[in-house]
$ cat target.cif   # mmCIF, C-alpha atoms
data_query
#
loop_
_atom_site.group_PDB
_atom_site.id
_atom_site.type_symbol
_atom_site.label_atom_id
_atom_site.label_comp_id
_atom_site.auth_asym_id
_atom_site.auth_seq_id
_atom_site.Cartn_x
_atom_site.Cartn_y
_atom_site.Cartn_z
ATOM 1 C CA MET F 1 97.943 101.048 91.634
ATOM 2 C CA ARG F 2 97.124 104.655 92.495
ATOM 3 C CA ILE F 3 98.801 105.790 95.713
ATOM 4 C CA ALA F 4 98.252 109.051 97.601
ATOM 5 C CA PHE F 5 100.876 110.479 99.954
ATOM 6 C CA LEU F 6 99.348 112.815 102.566
ATOM 7 C CA GLY F 7 101.874 115.019 104.327
ATOM 8 C CA ALA F 8 104.307 114.481 101.477
ATOM 9 C CA SER F 9 106.779 117.062 102.790
ATOM 10 C CA SER F 10 107.779 114.897 105.754
ATOM 11 C CA GLN F 11 111.286 113.451 105.697
ATOM 12 C CA ILE F 12 110.080 109.862 105.412
ATOM 13 C CA ALA F 13 107.583 110.722 102.675
ATOM 14 C CA ARG F 14 110.273 112.516 100.661
ATOM 15 C CA ASP F 15 112.612 109.555 101.024
ATOM 16 C CA LEU F 16 109.968 107.041 99.957
ATOM 17 C CA ALA F 17 108.446 109.057 97.106
ATOM 18 C CA PRO F 18 111.220 108.313 94.556
ATOM 19 C CA LEU F 19 111.060 104.600 95.436
ATOM 20 C CA PHE F 20 107.317 104.400 94.883
ATOM 21 C CA ALA F 21 107.454 106.620 91.784
ATOM 22 C CA ALA F 22 110.026 104.278 90.219
ATOM 23 C CA THR F 23 107.942 101.168 90.922
ATOM 24 C CA SER F 24 106.274 99.621 87.892
ATOM 25 C CA GLY F 25 102.501 99.819 87.989
ATOM 26 C CA VAL F 26 102.418 102.594 90.623
ATOM 27 C CA GLN F 27 100.915 106.006 89.966
ATOM 28 C CA LEU F 28 101.922 108.289 92.820
ATOM 29 C CA GLU F 29 100.270 111.573 93.785
ATOM 30 C CA ARG F 30 101.661 113.761 96.557
ATOM 31 C CA PHE F 31 99.646 116.144 98.745
ATOM 32 C CA LEU F 32 100.828 118.734 101.261
ATOM 33 C CA ARG F 33 100.212 122.225 102.558
ATOM 34 C CA ASP F 34 103.314 124.237 101.559
ATOM 35 C CA LEU F 35 103.660 123.776 97.805
ATOM 36 C CA ASP F 36 106.327 126.460 97.302
ATOM 37 C CA THR F 37 108.797 124.877 99.699
ATOM 38 C CA ASP F 38 108.166 121.451 98.246
ATOM 39 C CA GLU F 39 108.740 122.584 94.672
ATOM 40 C CA ALA F 40 112.149 123.945 95.657
ATOM 41 C CA TRP F 41 112.991 120.541 97.182
ATOM 42 C CA ARG F 42 111.680 118.754 94.089
ATOM 43 C CA GLN F 43 113.799 120.818 91.715
ATOM 44 C CA LYS F 44 116.866 120.130 93.850
ATOM 45 C CA THR F 45 116.065 116.412 93.994
ATOM 46 C CA GLY F 46 115.293 116.172 90.282
ATOM 47 C CA PRO F 47 111.914 117.224 88.866
ATOM 48 C CA HIS F 48 111.562 113.975 86.934
ATOM 49 C CA THR F 49 112.186 111.837 90.025
ATOM 50 C CA VAL F 50 108.867 112.522 91.752
ATOM 51 C CA PRO F 51 105.594 114.107 90.581
ATOM 52 C CA ALA F 52 104.752 117.678 91.506
ATOM 53 C CA ALA F 53 102.711 117.973 94.666
ATOM 54 C CA ARG F 54 99.118 119.145 94.953
ATOM 55 C CA SER F 55 97.395 121.006 97.744
ATOM 56 C CA LEU F 56 96.331 118.782 100.624
ATOM 57 C CA SER F 57 92.804 120.125 100.244
ATOM 58 C CA GLU F 58 92.541 118.571 96.759
ATOM 59 C CA TRP F 59 93.227 114.921 97.492
ATOM 60 C CA THR F 60 89.609 113.793 97.914
ATOM 61 C CA GLN F 61 88.713 115.408 94.583
ATOM 62 C CA ARG F 62 91.171 113.295 92.589
ATOM 63 C CA PRO F 63 90.282 109.978 90.884
ATOM 64 C CA ALA F 64 89.911 107.183 93.434
ATOM 65 C CA PHE F 65 93.082 105.872 95.062
ATOM 66 C CA ASP F 66 93.919 102.275 95.825
ATOM 67 C CA VAL F 67 96.163 103.201 98.757
ATOM 68 C CA VAL F 68 96.454 106.233 101.037
ATOM 69 C CA LEU F 69 99.660 106.706 103.034
ATOM 70 C CA ASN F 70 99.322 109.188 105.874
ATOM 71 C CA PHE F 71 102.613 110.835 106.902
ATOM 72 C CA ILE F 72 101.035 113.821 108.657
ATOM 73 C CA GLY F 73 102.478 114.292 112.124
ATOM 74 C CA ALA F 74 105.095 115.988 114.260
ATOM 75 C CA GLY F 75 108.084 114.684 112.306
ATOM 76 C CA SER F 76 110.628 115.213 115.089
ATOM 77 C CA PRO F 77 110.800 115.293 118.897
ATOM 78 C CA ALA F 78 111.377 119.064 118.809
ATOM 79 C CA ARG F 79 108.262 119.683 116.725
ATOM 80 C CA ALA F 80 106.297 117.253 118.884
ATOM 81 C CA ALA F 81 107.206 119.373 121.895
ATOM 82 C CA ALA F 82 106.263 122.573 120.046
ATOM 83 C CA LEU F 83 102.861 121.196 119.029
ATOM 84 C CA GLY F 84 102.129 120.010 122.552
ATOM 85 C CA ALA F 85 98.591 118.743 123.057
ATOM 86 C CA ASN F 86 97.646 120.092 119.602
ATOM 87 C CA ILE F 87 99.152 116.930 118.114
ATOM 88 C CA LEU F 88 96.047 115.085 119.345
ATOM 89 C CA ASP F 89 93.660 117.275 117.334
ATOM 90 C CA LEU F 90 95.968 117.411 114.296
ATOM 91 C CA THR F 91 96.266 113.632 114.103
ATOM 92 C CA THR F 92 92.537 113.044 114.595
ATOM 93 C CA ARG F 93 91.517 115.673 112.040
ATOM 94 C CA TYR F 94 93.376 114.088 109.141
ATOM 95 C CA ASP F 95 92.698 110.547 110.267
ATOM 96 C CA ASP F 96 88.965 111.344 110.198
ATOM 97 C CA MET F 97 89.359 112.519 106.605
ATOM 98 C CA VAL F 98 90.992 109.256 105.556
ATOM 99 C CA LEU F 99 88.460 107.094 107.401
ATOM 100 C CA ALA F 100 85.617 108.963 105.700
ATOM 101 C CA TYR F 101 87.367 108.373 102.364
ATOM 102 C CA LEU F 102 87.613 104.640 103.062
ATOM 103 C CA HIS F 103 83.877 104.442 103.692
ATOM 104 C CA GLN F 104 83.275 106.149 100.343
ATOM 105 C CA HIS F 105 85.844 103.941 98.583
ATOM 106 C CA PRO F 106 85.609 100.488 100.237
ATOM 107 C CA GLY F 107 88.436 98.991 98.178
ATOM 108 C CA CYS F 108 90.987 101.611 99.259
ATOM 109 C CA ARG F 109 93.686 100.642 101.746
ATOM 110 C CA TYR F 110 95.173 102.882 104.406
ATOM 111 C CA VAL F 111 98.754 102.882 105.727
ATOM 112 C CA PHE F 112 99.243 105.071 108.779
ATOM 113 C CA LEU F 113 102.761 105.992 109.899
ATOM 114 C CA SER F 114 102.556 105.367 113.611
ATOM 115 C CA SER F 115 105.385 105.335 116.139
ATOM 116 C CA GLY F 116 106.935 103.179 118.794
ATOM 117 C CA ALA F 117 105.788 105.928 121.154
ATOM 118 C CA ALA F 118 102.309 104.400 120.843
ATOM 119 C CA TYR F 119 103.433 101.815 123.387
ATOM 120 C CA GLY F 120 103.755 104.622 125.902
ATOM 121 C CA SER F 121 106.164 102.599 128.006
ATOM 122 C CA ASP F 122 109.457 103.691 129.492
ATOM 123 C CA PHE F 123 111.273 101.162 127.283
ATOM 124 C CA GLU F 124 113.372 99.774 130.080
ATOM 125 C CA LEU F 125 112.937 96.676 127.916
ATOM 126 C CA PRO F 126 112.269 96.555 124.172
ATOM 127 C CA ALA F 127 108.682 96.157 123.006
ATOM 128 C CA ARG F 128 107.405 92.658 122.363
ATOM 129 C CA HIS F 129 104.211 91.137 120.995
ATOM 130 C CA THR F 130 102.900 90.880 124.569
ATOM 131 C CA THR F 131 103.861 94.423 125.610
ATOM 132 C CA VAL F 132 100.987 96.390 127.127
ATOM 133 C CA ALA F 133 100.721 100.090 126.289
ATOM 134 C CA SER F 134 101.271 102.167 129.412
ATOM 135 C CA PHE F 135 100.526 105.844 130.081
ATOM 136 C CA PRO F 136 100.443 107.572 133.511
ATOM 137 C CA ILE F 137 96.790 108.535 133.329
ATOM 138 C CA ASN F 138 96.939 110.652 136.496
ATOM 139 C CA ALA F 139 100.148 112.450 135.545
ATOM 140 C CA LEU F 140 99.950 113.156 131.822
ATOM 141 C CA ASP F 141 102.109 115.963 130.468
ATOM 142 C CA GLN F 142 103.740 117.133 127.235
ATOM 143 C CA ARG F 143 105.977 114.027 127.056
ATOM 144 C CA HIS F 144 102.909 111.865 126.451
ATOM 145 C CA TRP F 145 100.829 113.753 123.854
ATOM 146 C CA TYR F 146 102.684 112.429 120.817
ATOM 147 C CA GLY F 147 102.488 108.805 121.920
ATOM 148 C CA LEU F 148 98.863 109.198 122.972
ATOM 149 C CA ALA F 149 98.003 110.662 119.553
ATOM 150 C CA LYS F 150 99.424 107.542 117.880
ATOM 151 C CA PHE F 151 97.872 105.179 120.428
ATOM 152 C CA GLN F 152 94.476 106.849 120.122
ATOM 153 C CA THR F 153 94.598 106.626 116.339
ATOM 154 C CA GLU F 154 95.549 102.954 116.407
ATOM 155 C CA CYS F 155 92.602 102.282 118.737
ATOM 156 C CA ARG F 156 90.279 103.995 116.269
ATOM 157 C CA HIS F 157 91.662 101.819 113.485
ATOM 158 C CA ARG F 158 91.307 98.522 115.359
ATOM 159 C CA ALA F 159 87.705 99.506 116.104
ATOM 160 C CA ARG F 160 87.032 99.327 112.323
ATOM 161 C CA PRO F 161 88.016 95.725 111.483
ATOM 162 C CA ASP F 162 86.089 95.911 108.215
ATOM 163 C CA LEU F 163 88.569 98.460 106.817
ATOM 164 C CA GLY F 164 91.976 97.668 105.307
ATOM 165 C CA ILE F 165 94.242 99.635 107.639
ATOM 166 C CA CYS F 166 97.854 98.966 108.535
ATOM 167 C CA ASP F 167 99.576 101.015 111.226
ATOM 168 C CA ILE F 168 103.360 100.863 110.894
ATOM 169 C CA ARG F 169 105.195 101.818 114.074
ATOM 170 C CA VAL F 170 108.525 103.454 113.241
ATOM 171 C CA PHE F 171 111.009 103.605 116.110
ATOM 172 C CA SER F 172 114.271 105.090 114.816
ATOM 173 C CA TYR F 173 114.747 106.163 111.225
ATOM 174 C CA VAL F 174 118.000 107.007 109.475
ATOM 175 C CA SER F 175 118.356 108.771 106.158
ATOM 176 C CA PRO F 176 120.795 110.864 104.086
ATOM 177 C CA SER F 177 118.139 113.595 104.086
ATOM 178 C CA LEU F 178 118.451 114.008 107.858
ATOM 179 C CA ASP F 179 118.061 117.612 109.029
ATOM 180 C CA MET F 180 121.579 118.508 110.092
ATOM 181 C CA ASN F 181 120.259 121.211 112.418
ATOM 182 C CA SER F 182 118.266 118.714 114.471
ATOM 183 C CA ARG F 183 119.427 117.400 117.835
ATOM 184 C CA PHE F 184 119.245 113.724 116.992
ATOM 185 C CA LEU F 185 122.370 111.820 118.038
ATOM 186 C CA LEU F 186 123.203 111.065 114.414
ATOM 187 C CA ALA F 187 123.049 114.750 113.452
ATOM 188 C CA ASP F 188 125.332 115.592 116.380
ATOM 189 C CA ILE F 189 127.777 112.928 115.198
ATOM 190 C CA VAL F 190 127.877 114.118 111.599
ATOM 191 C CA ARG F 191 128.289 117.771 112.629
ATOM 192 C CA ALA F 192 131.204 116.789 114.851
ATOM 193 C CA LEU F 193 132.832 114.857 112.013
ATOM 194 C CA ALA F 194 132.222 117.534 109.390
ATOM 195 C CA GLN F 195 133.525 120.344 111.618
ATOM 196 C CA GLY F 196 136.322 118.376 113.249
ATOM 197 C CA HIS F 197 134.832 118.938 116.686
ATOM 198 C CA LEU F 198 134.836 116.735 119.758
ATOM 199 C CA LEU F 199 131.442 115.115 120.356
ATOM 200 C CA GLU F 200 130.259 115.236 123.942
ATOM 201 C CA THR F 201 127.598 112.665 124.753
ATOM 202 C CA SER F 202 126.135 110.960 127.774
ATOM 203 C CA SER F 203 127.968 107.986 129.222
ATOM 204 C CA GLN F 204 124.658 106.141 129.557
ATOM 205 C CA ASP F 205 124.283 103.466 126.908
ATOM 206 C CA ILE F 206 121.048 103.421 124.915
ATOM 207 C CA TYR F 207 119.845 101.045 122.233
ATOM 208 C CA ARG F 208 118.137 101.940 118.980
ATOM 209 C CA ASP F 209 116.922 100.094 115.891
ATOM 210 C CA TYR F 210 117.554 102.306 112.870
ATOM 211 C CA ILE F 211 115.553 101.435 109.776
ATOM 212 C CA SER F 212 116.703 102.714 106.385
ATOM 213 C CA PRO F 213 114.403 104.168 103.685
ATOM 214 C CA ALA F 214 114.892 101.047 101.533
ATOM 215 C CA ASP F 215 113.863 98.705 104.339
ATOM 216 C CA LEU F 216 110.860 100.821 105.320
ATOM 217 C CA PHE F 217 109.819 100.859 101.658
ATOM 218 C CA ALA F 218 110.173 97.059 101.571
ATOM 219 C CA LEU F 219 108.053 96.748 104.706
ATOM 220 C CA ILE F 220 105.220 98.841 103.267
ATOM 221 C CA CYS F 221 105.345 96.973 99.961
ATOM 222 C CA SER F 222 105.253 93.594 101.703
ATOM 223 C CA VAL F 223 102.033 94.602 103.456
ATOM 224 C CA LEU F 224 100.451 95.953 100.268
ATOM 225 C CA GLN F 225 101.314 92.785 98.344
ATOM 226 C CA HIS F 226 99.095 90.740 100.665
ATOM 227 C CA PRO F 227 95.303 90.778 100.990
ATOM 228 C CA ALA F 228 93.920 93.738 102.908
ATOM 229 C CA CYS F 229 93.664 93.340 106.662
ATOM 230 C CA ASN F 230 93.382 95.504 109.760
ATOM 231 C CA ILE F 231 96.633 95.281 111.699
ATOM 232 C CA ALA F 232 99.588 97.079 113.308
ATOM 233 C CA VAL F 233 103.209 96.059 112.726
ATOM 234 C CA ASP F 234 106.500 97.263 114.158
ATOM 235 C CA ALA F 235 109.329 98.384 111.877
ATOM 236 C CA TYR F 236 112.738 96.846 112.508
ATOM 237 C CA SER F 237 116.154 96.301 110.960
ATOM 238 C CA LEU F 238 118.206 93.106 111.082
ATOM 239 C CA ALA F 239 119.502 94.096 114.521
ATOM 240 C CA PRO F 240 119.534 97.109 116.870
ATOM 241 C CA VAL F 241 122.707 98.825 118.008
ATOM 242 C CA GLY F 242 123.935 100.236 121.321
ATOM 243 C CA LYS F 243 125.282 103.769 121.431
ATOM 244 C CA MET F 244 128.658 102.681 122.792
ATOM 245 C CA GLN F 245 129.019 100.093 120.044
ATOM 246 C CA LEU F 246 128.065 102.726 117.478
ATOM 247 C CA LEU F 247 130.510 105.323 118.791
ATOM 248 C CA ASP F 248 133.349 102.819 118.891
ATOM 249 C CA HIS F 249 132.637 101.762 115.314
ATOM 250 C CA LEU F 250 132.410 105.336 114.019
ATOM 251 C CA SER F 251 135.619 106.310 115.773
ATOM 252 C CA LYS F 252 137.417 103.522 113.923
ATOM 253 C CA ARG F 253 135.663 104.062 110.596
ATOM 254 C CA PHE F 254 135.536 107.873 110.461
ATOM 255 C CA GLN F 255 137.956 108.888 113.242
ATOM 256 C CA LEU F 256 135.102 110.301 115.319
ATOM 257 C CA ARG F 257 136.438 111.951 118.482
ATOM 258 C CA TYR F 258 134.079 111.825 121.419
ATOM 259 C CA ARG F 259 134.011 112.293 125.168
ATOM 260 C CA LEU F 260 131.522 110.666 127.525
ATOM 261 C CA VAL F 261 129.974 112.951 130.120
ATOM 262 C CA ASP F 262 127.882 112.231 133.173
ATOM 263 C CA GLN F 263 124.390 113.271 132.119
ATOM 264 C CA PRO F 264 121.098 111.494 131.348
ATOM 265 C CA ALA F 265 120.746 109.913 127.911
ATOM 266 C CA GLY F 266 117.867 108.705 125.809
ATOM 267 C CA ILE F 267 115.674 111.664 126.797
ATOM 268 C CA ASN F 268 113.638 113.602 124.272
ATOM 269 C CA ALA F 269 110.264 115.253 123.992
ATOM 270 C CA THR F 270 108.478 111.919 124.357
ATOM 271 C CA GLY F 271 110.319 110.662 127.429
ATOM 272 C CA ILE F 272 113.156 108.339 128.477
ATOM 273 C CA LYS F 273 113.764 105.419 126.127
ATOM 274 C CA PRO F 274 116.892 103.367 126.944
ATOM 275 C CA HIS F 275 115.745 100.417 124.776
ATOM 276 C CA TYR F 276 113.643 102.102 122.122
ATOM 277 C CA PHE F 277 113.067 99.268 119.679
ATOM 278 C CA SER F 278 110.817 96.257 119.167
ATOM 279 C CA GLU F 279 111.310 92.516 119.102
ATOM 280 C CA ASN F 280 107.804 92.057 117.669
ATOM 281 C CA ARG F 281 108.318 90.349 114.294
ATOM 282 C CA LYS F 282 104.703 90.370 113.108
ATOM 283 C CA ALA F 283 105.817 91.984 109.835
ATOM 284 C CA ALA F 284 107.698 88.792 108.916
ATOM 285 C CA GLU F 285 104.312 87.143 108.356
ATOM 286 C CA PHE F 286 103.940 89.408 105.322
ATOM 287 C CA GLY F 287 107.295 88.330 103.949
ATOM 288 C CA TYR F 288 109.227 91.338 105.226
ATOM 289 C CA LEU F 289 112.959 90.703 105.583
ATOM 290 C CA PRO F 290 115.178 93.748 106.251
ATOM 291 C CA ARG F 291 118.437 94.008 104.335
ATOM 292 C CA LEU F 292 120.456 96.106 106.793
ATOM 293 C CA ASP F 293 121.159 96.061 110.493
ATOM 294 C CA SER F 294 121.231 99.325 112.416
ATOM 295 C CA LEU F 295 125.012 99.639 112.445
ATOM 296 C CA SER F 296 125.216 99.257 108.655
ATOM 297 C CA ALA F 297 122.314 101.632 108.064
ATOM 298 C CA VAL F 298 123.929 104.334 110.198
ATOM 299 C CA THR F 299 127.401 103.796 108.702
ATOM 300 C CA ASN F 300 126.072 104.110 105.157
ATOM 301 C CA THR F 301 124.118 107.228 106.084
ATOM 302 C CA VAL F 302 127.061 108.931 107.792
ATOM 303 C CA ASP F 303 129.167 108.188 104.722
ATOM 304 C CA GLN F 304 126.583 109.821 102.449
ATOM 305 C CA LEU F 305 126.024 112.803 104.735
ATOM 306 C CA LEU F 306 129.756 113.512 104.959
ATOM 307 C CA SER F 307 130.051 113.390 101.185
ATOM 308 C CA GLN F 308 127.421 116.154 101.030
ATOM 309 C CA THR F 309 129.222 118.511 103.422
#

$ encode --input "target.cif" --output "structure tokens"
Amino acid sequence: MRIAFLGASSQIARDLAPLFAATSGVQLERFLRDLDTDEAWRQKTGPHTVPAARSLSEWTQRPAFDVVLNFIGAGSPARAAALGANILDLTTRYDDMVLAYLHQHPGCRYVFLSSGAAYGSDFELPARHTTVASFPINALDQRHWYGLAKFQTECRHRARPDLGICDIRVFSYVSPSLDMNSRFLLADIVRALAQGHLLETSSQDIYRDYISPADLFALICSVLQHPACNIAVDAYSLAPVGKMQLLDHLSKRFQLRYRLVDQPAGINATGIKPHYFSENRKAAEFGYLPRLDSLSAVTNTVDQLLSQT
């Protein structure tokens, strides 16, 4: 099976590349824009672990692929805010390229890394199979562009039922390759632990469902092992975790010191999300069964990140 990674410099793509490259019967090719930066990462990771990347402009000139995975996107709330409305054009431009490729290669399948933000809701409740996407059409601003880009792309995909496309909505992702300079809660926690600082965080509880690289890999593989179809599925772990539960656990496990302050929580560039996870288990129909719950995934990741500092 020949698989193309587009946007192979994204964190998720870099985490999944070694897993796909080590899979029997898979021939992986990676495509991105900044080859110099990627080669430095590849040498650090281990040059024999993943194949060298090619320019993103070359991917349609390579021998036909069986699967195209599209990781091109904002990558983080901060970058989503920086891109602003440009995320709409960026997402559509590369999606158009893949759709054109599918028409030229009818047997090729397409996996698009979507986001829970495609629901557009305020996530006062977790997403479910019956959840209706909701955007304030008369009051759109920069908080909505990222989610609208994903929602718009999913609409384009469902409008082509003859094509084998699977949109995988990722909500919260946890990985040992986390950018320690980011302002994700997990990065704040690890910095506090590594530097011996007191973590200050909002007293408002929020709930997240952190999926590990291994479980996301298993989810993608479960879809690809079944006949092609046109569908969207939500990524999930065995169970979500509340922030207060997480902090209490990490204080006992790693002696995390923290102080709760009176300020809003769960706010980022894409809006307020107190229950940012999904109870939609459509992926189970493909045989997907996650191995880790969110608490275990985060604990394992914190352990690995601390060992690197």

$ closest_residue --input "target.cif" --among "F:Phe112, F:Tyr94, F:Phe135, F:Trp41" --to "Val68 in chain F" --atoms "only C-alpha atoms"
F:Phe112

$ closest_residue --input "target.cif" --among "F:Gly7, F:Ile168, F:Val190, F:Arg30" --to "Tyr258 in chain F" --atoms "all atoms listed in the file"
F:Val190

$ resolve_selection --input "target.cif" --expression "the PyMOL selection byres ((chain F and resi 289) around 9)" --output "ChimeraX atom specification"
/F:215,218-219,237-238,283-284,287-288,290-291

$ residues_around --input "target.cif" --residues "Leu178 in chain F" --least-positions-apart "6" --cutoff "12 Å" --atoms "all atoms listed in the file" --output "list in words"
Ser10, Gln11, Ile12, Arg14, Asp15, Gly75, Ser76, Phe184, Leu185, Leu186, Ala187, Asp188, Ile189, Val190, Arg191, Ser212, Pro213, Val298, Thr301, Val302, Gln304, Leu305, Leu306 and Gln308 of chain F

$ axis_aligned_box --input "target.cif" --around "range 247-251 of chain F" --padding-each-side "8 Å" --output "lines of an AutoDock Vina configuration file"
center_x = 133.1
center_y = 104.0
center_z = 116.5
size_x = 21.1
size_y = 20.5
size_z = 20.9

$ atom_distance --input "target.cif" --atom1 "CA of Gln152 in chain F" --atom2 "CA of Thr91 in chain F"
9.2 Å

$ residues_around --input "target.cif" --residues "Ala133 in chain F" --least-positions-apart "4" --cutoff "9 Å" --atoms "all atoms listed in the file" --output "PyMOL selection string"
chain F and resi 118-121+151

$ atom_distance --input "target.cif" --atom1 "CA of Glu200 in chain F" --atom2 "CA of Ser307 in chain F"
22.8 Å

$ closest_residue --input "target.cif" --among "F:Gly242, F:Asn230, F:Thr23, F:Ser172" --to "Ala159 in chain F" --atoms "only C-alpha atoms"
F:Asn230

$ resolve_selection --input "target.cif" --expression "the PyMOL selection byres ((chain F and resi 35) around 12)" --output "PDB file with C-alpha atoms, in the frame of the given file"
ATOM      1  CA  GLY F   7     101.874 115.019 104.327  1.00  0.00           C
ATOM      2  CA  ALA F   8     104.307 114.481 101.477  1.00  0.00           C
ATOM      3  CA  SER F   9     106.779 117.062 102.790  1.00  0.00           C
ATOM      4  CA  ARG F  30     101.661 113.761  96.557  1.00  0.00           C
ATOM      5  CA  PHE F  31      99.646 116.144  98.745  1.00  0.00           C
ATOM      6  CA  LEU F  32     100.828 118.734 101.261  1.00  0.00           C
ATOM      7  CA  ARG F  33     100.212 122.225 102.558  1.00  0.00           C
ATOM      8  CA  ASP F  34     103.314 124.237 101.559  1.00  0.00           C
ATOM      9  CA  ASP F  36     106.327 126.460  97.302  1.00  0.00           C
ATOM     10  CA  THR F  37     108.797 124.877  99.699  1.00  0.00           C
ATOM     11  CA  ASP F  38     108.166 121.451  98.246  1.00  0.00           C
ATOM     12  CA  GLU F  39     108.740 122.584  94.672  1.00  0.00           C
ATOM     13  CA  ALA F  40     112.149 123.945  95.657  1.00  0.00           C
ATOM     14  CA  TRP F  41     112.991 120.541  97.182  1.00  0.00           C
ATOM     15  CA  ARG F  42     111.680 118.754  94.089  1.00  0.00           C
ATOM     16  CA  ALA F  52     104.752 117.678  91.506  1.00  0.00           C
ATOM     17  CA  ALA F  53     102.711 117.973  94.666  1.00  0.00           C
ATOM     18  CA  ARG F  54      99.118 119.145  94.953  1.00  0.00           C
ATOM     19  CA  SER F  55      97.395 121.006  97.744  1.00  0.00           C
ATOM     20  CA  LEU F  56      96.331 118.782 100.624  1.00  0.00           C
ATOM     21  CA  SER F  57      92.804 120.125 100.244  1.00  0.00           C
TER      22      SER F  57
END

$ decode --input "target.cif" --residues "range 23-38 of chain F" --atoms "N, CA and C atoms" --output "PDB file, in the first residue's frame"
ATOM      1  N   THR F  23       5.111  -0.401   9.350  1.00  0.00           N
ATOM      2  CA  THR F  23       4.028  -1.345   9.081  1.00  0.00           C
ATOM      3  C   THR F  23       4.322  -2.159   7.833  1.00  0.00           C
ATOM      4  N   SER F  24       4.229  -3.458   7.947  1.00  0.00           N
ATOM      5  CA  SER F  24       4.496  -4.342   6.811  1.00  0.00           C
ATOM      6  C   SER F  24       3.532  -4.049   5.668  1.00  0.00           C
ATOM      7  N   GLY F  25       4.074  -3.984   4.477  1.00  0.00           N
ATOM      8  CA  GLY F  25       3.250  -3.768   3.289  1.00  0.00           C
ATOM      9  C   GLY F  25       2.957  -2.316   2.987  1.00  0.00           C
ATOM     10  N   VAL F  26       3.480  -1.386   3.803  1.00  0.00           N
ATOM     11  CA  VAL F  26       3.241   0.046   3.597  1.00  0.00           C
ATOM     12  C   VAL F  26       4.493   0.704   3.035  1.00  0.00           C
ATOM     13  N   GLN F  27       4.304   1.479   1.980  1.00  0.00           N
ATOM     14  CA  GLN F  27       5.380   2.288   1.422  1.00  0.00           C
ATOM     15  C   GLN F  27       4.981   3.751   1.606  1.00  0.00           C
ATOM     16  N   LEU F  28       5.650   4.417   2.515  1.00  0.00           N
ATOM     17  CA  LEU F  28       5.281   5.779   2.898  1.00  0.00           C
ATOM     18  C   LEU F  28       6.136   6.803   2.169  1.00  0.00           C
ATOM     19  N   GLU F  29       5.482   7.858   1.669  1.00  0.00           N
ATOM     20  CA  GLU F  29       6.187   9.015   1.124  1.00  0.00           C
ATOM     21  C   GLU F  29       5.647  10.260   1.811  1.00  0.00           C
ATOM     22  N   ARG F  30       6.562  11.156   2.174  1.00  0.00           N
ATOM     23  CA  ARG F  30       6.215  12.344   2.948  1.00  0.00           C
ATOM     24  C   ARG F  30       6.454  13.602   2.113  1.00  0.00           C
ATOM     25  N   PHE F  31       5.492  14.538   2.180  1.00  0.00           N
ATOM     26  CA  PHE F  31       5.583  15.758   1.375  1.00  0.00           C
ATOM     27  C   PHE F  31       5.293  16.981   2.256  1.00  0.00           C
ATOM     28  N   LEU F  32       6.143  18.008   2.081  1.00  0.00           N
ATOM     29  CA  LEU F  32       5.973  19.235   2.856  1.00  0.00           C
ATOM     30  C   LEU F  32       6.679  20.380   2.160  1.00  0.00           C
ATOM     31  N   ARG F  33       6.581  21.561   2.759  1.00  0.00           N
ATOM     32  CA  ARG F  33       7.149  22.745   2.121  1.00  0.00           C
ATOM     33  C   ARG F  33       8.582  23.037   2.556  1.00  0.00           C
ATOM     34  N   ASP F  34       8.892  22.917   3.851  1.00  0.00           N
ATOM     35  CA  ASP F  34      10.208  23.277   4.363  1.00  0.00           C
ATOM     36  C   ASP F  34      11.054  22.020   4.554  1.00  0.00           C
ATOM     37  N   LEU F  35      11.791  21.655   3.521  1.00  0.00           N
ATOM     38  CA  LEU F  35      12.569  20.413   3.561  1.00  0.00           C
ATOM     39  C   LEU F  35      13.764  20.510   4.502  1.00  0.00           C
ATOM     40  N   ASP F  36      14.390  21.674   4.603  1.00  0.00           N
ATOM     41  CA  ASP F  36      15.577  21.815   5.446  1.00  0.00           C
ATOM     42  C   ASP F  36      15.253  21.559   6.919  1.00  0.00           C
ATOM     43  N   THR F  37      14.180  22.176   7.385  1.00  0.00           N
ATOM     44  CA  THR F  37      13.784  21.992   8.778  1.00  0.00           C
ATOM     45  C   THR F  37      13.409  20.542   9.052  1.00  0.00           C
ATOM     46  N   ASP F  38      12.745  19.925   8.089  1.00  0.00           N
ATOM     47  CA  ASP F  38      12.323  18.546   8.290  1.00  0.00           C
ATOM     48  C   ASP F  38      13.502  17.595   8.323  1.00  0.00           C
TER      49      ASP F  38
END
